[in-house]
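These notes are about the structure you will find just below.
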Amino acid sequence: MERIARVALADALIQYDKLYDYRLPGELSWLSPGCRVILPFGPGNKPRRGMVMEVFDGKEEEALKLKAVSEAVDTAPLLTADQLELAAWIRAQTFCSWYDALSLLYPTGLEYRRILRYHLADGVNLSDLSPDERRVAEVLESPEKAMESGKLAKTAGVDPALLAELERKGVLITEERKVRKVSDTRVRMLRLSPQLQESRDMGADLSLPPKTTAKQADLVRLIWENGPTAIREAIYYTGAGLAVVNRVLQKGWLECYEEEAYRQAYQTSEHMDLDAIRLSEEQQAVFDGLCKLSPGSGALLYGITGSGKTMVVLKLVQKTLAEGRSAMVLLPEILLTPQFVRLFSGCFGSRVAVLHSGLSMGVRLDEWKRIRAGEADVVVGTRSAVFAPLKNIGLIAVDEEQEGAYKSEQSPRYDARMVAAWIAKRHNALYLRMSATPSITAYHAAQTGKLAFFKLENRFGTARLPQVDLIDMQKEQTVMPAGVLGMSLLEALTVNMDQGHQSVLLLNRRGHDTVVTCFGCNTVMTCPRCSVALNFHSANGRLMCHCCGYSRPFDTGCPQCGEKRMRTFGSGTQKVEAELKTLLPDARVLRMDTDTTYTKAAHDRLFEDFGGGKYDILLGTQMVAKGLDFENVTLAGVLNAEQGLFSEDYKSGERTFSLLTQVVGRCGRGRFSGKAIIQTYLPDHPIFGVAVRQDYEAFYAQEIALRSQMLHPPFCDVCLIGVSAPSERAAREGAMKILGMLADLVEREYSELPIKTFGPAPASILKAADRYRYRLTVKCRNSPRFRQMVYRLLSGFAAEMGRRDVTAFADINPESYF
């Protein structure tokens, strides 16, 4: 019998994405599922990455017909059997490739890159070479010297293609090396010699020769009393220099060795005694009810803003750890992690690990290692943290569960909430979704018994919900016709500053002006790569595309007529910031949007400054609306509140209500009462009536009735099929091709499936980054049979089109309509 591995290939097109069988040569017969490998693929046997999914015994004559695995990347399985099963589930749910699903489960820092290096062959006669070839040979100088291909071509000043030609001539010899993207961090440590360690273990006192210097004795005593210590720490605590360390090592009293050191995500010295914190009667009832649920249950905790949902979760984590199990807390935004990490680390110390995309590649790798080794059993993080390699999970809590950030918009298009539910079932863990504004689908699931339902109706302690005023801006602008800020809000900001309190303002649009037109011909300035208007950013004096990032100077002129003068319309955070500085010159204004928080740790620094009282007003986009808790914030203002109501998908009302409720909930959370002001040009819209009353149940009642009538989720699922191409014609024809293939599949094999199709139609942004997009919307039931049909549709389309520049994807229950 021969060992055969069933392998998932990296970079496989959908029509070729399957598991391939490879023979395991004797030296690699130890390989097991979860190991990465290099293997030959295709007619040219080009090296490809892969991961072993299964190993089995096969007949020798069958195995010899198979290609053999070339080499192993890992010396032990990188992924467990449960993780491999999770990858298979993700692939089935999201229509991604096998390897894309697997890549979600380990950090990018563990990937290897192959480096091609050249060195000079023996016996090369320089006189036989051309001038360019001679320069390459002279750079390498001798056969012992090797250089990476890119660096060699640049140093010699030649075309990289010449290197391949010299290899064919036998002048250069190539070698390949695998280099991991991120290396481990090592630290030099000191420990007692075996003789001294034996004496210490026997209870003897430290005894050194009489002529030992004081610093040598201090150094050895430090290690004797405290155990192995990093050299830099030993030097710090004893004042000994490297010369003293080397002398002690020479005398054989201590030994030096290297140990891996983890890079830290966050450092906190805060400590919280969780046992000393008492839940309110309402919180305790919720906690007790959650603890009584059977293993593997799912629940929704609906609690108004400031009701103390996080404190309930802290107590649940404490109970979970006491039972010897691990816990995971998911957050929708990176900016919320510092606040949560400080809280959880204060309670659980180094047992807390953090995972999100804002961390460096090295830190993410080390946090993943700590979790995998069992050194951290509480994970706090954003969407990708759901794949943390925790063992024996007892709790998965999803905060602000209504947020669309939990759904990936790039392949694999997974929903972290659904992944968390699957993992919780596998581990018999409690799956808890929490929000002050639950998603309609989650609240419906709770109302129909699919999720257990718990409710916190009161704010924690003495805090009360703020008063909310709805301001009709059409009336306000008869008094202040030119500004974004109404008189009522300006007066409230002034009073709040005079009282020494802070304010939060939300405008969910960055930049200064949202539309720029030519003064001469009225042409709207648009992005050359996208079908969207350019926004003016006063901070850098440029017109910018918020879709692809394209920018150009504001004074470039009109591309149609050359006119330099421009008109600007609309408002962004930069315009409001300028207006605040003009109307409230004494106000200290902090603006937070993606333009001010693009650097590493910018969120942490800015929130720390605001929490420390360095600013009076925090102005920002939706990032300032969620999860933030500052006791001195007593006023919240919402500008252009109707802005989100005009998107073309069915969730626009839900998102607007949630955003309004969340930002209103940022004020009055401590001992001071709060007030919120919502500015709108549509005060009669029904959304604003329930938002002012902060009445989620009333909003849910009107929204669920509308969705039932229109057949929107939760009464169906929605599958969006998108087609992208370099020309609009190719995109439209591709979408029509998809529709025809879908109709044929349904008629021939899937007639029992209840589906409704709409389109094809242009995407909401027809052109993005030089690609034209069309979409087909299918209302359906997300069943294995339906997903099988969609997978066949996508793979058949890719095979039949036969061109890589026209692509298609499918996304079930997307957050936006492409």
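Letters for chains follow the order of the structure tokens (A, B, ...), residue numbers begin at 1 for each chain, and ligand numbers begin at 1 in the order shown.
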**Residue neighbourhood Ala81 (chain A), 10 Å, only C-alpha atoms, exclusion window fewer than 5 positions, as a VMD selection string** = chain A and resid 33 to 34 53 to 54 86 to 87
**Request:** Pick out the residues sitting within 7 Å of region 442-446 of chain A, and hand them over as a PyMOL selection string; count only C-alpha atoms, and ignore anything fewer than 6 positions along from it in its own chain.
**Result:** chain A and resi 300+452-453
**Request:** Compare A:Lys215, A:Lys169, A:Arg542, A:Arg605 by their minimum atom-to-atom distance to Gly241 (chain A), counting only C-alpha atoms, and give me the closest one.
**Result:** A:Lys215
**Request:** Tell me, as a VMD selection string, which residues lie within 10 Å of Ser764 (chain A), counting only C-alpha atoms; anything in the same chain fewer than 3 positions away does not count.
**Result:** chain A and resid 531 647 to 649 761 767 773 to 775 816 to 818
**Message:** Restricting the calculation to only C-alpha atoms: of A:Leu290, A:Met1, A:Val124, A:Cys530, which residue gets closest to Leu451 (chain A)?
**Reply:**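 The closest residue to Leu451 (chain A) is A:Leu290.
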**Message:** What's around Val52 (chain A) at 7 Å? Count only C-alpha atoms, leave out sequence neighbours fewer than 3 positions away in its own chain, and write the answer as number ranges by chain.
**Reply:** A: 5-8, 32-36
**Request:** Enumerate, as a ChimeraX atom specification, the complete set of residues in region 431-573 of chain A that a backbone-based DSSP assignment places in strand (DSSP E or B).
**Result:** /A:431-435,452-456,467-472,502-506,513,515-518,524,526,533,535-537,542-544,551-553,566-569
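In this structure, CA of Cys716 (chain A) sits 24.9 Å away from CA of Lys737 (chain A).
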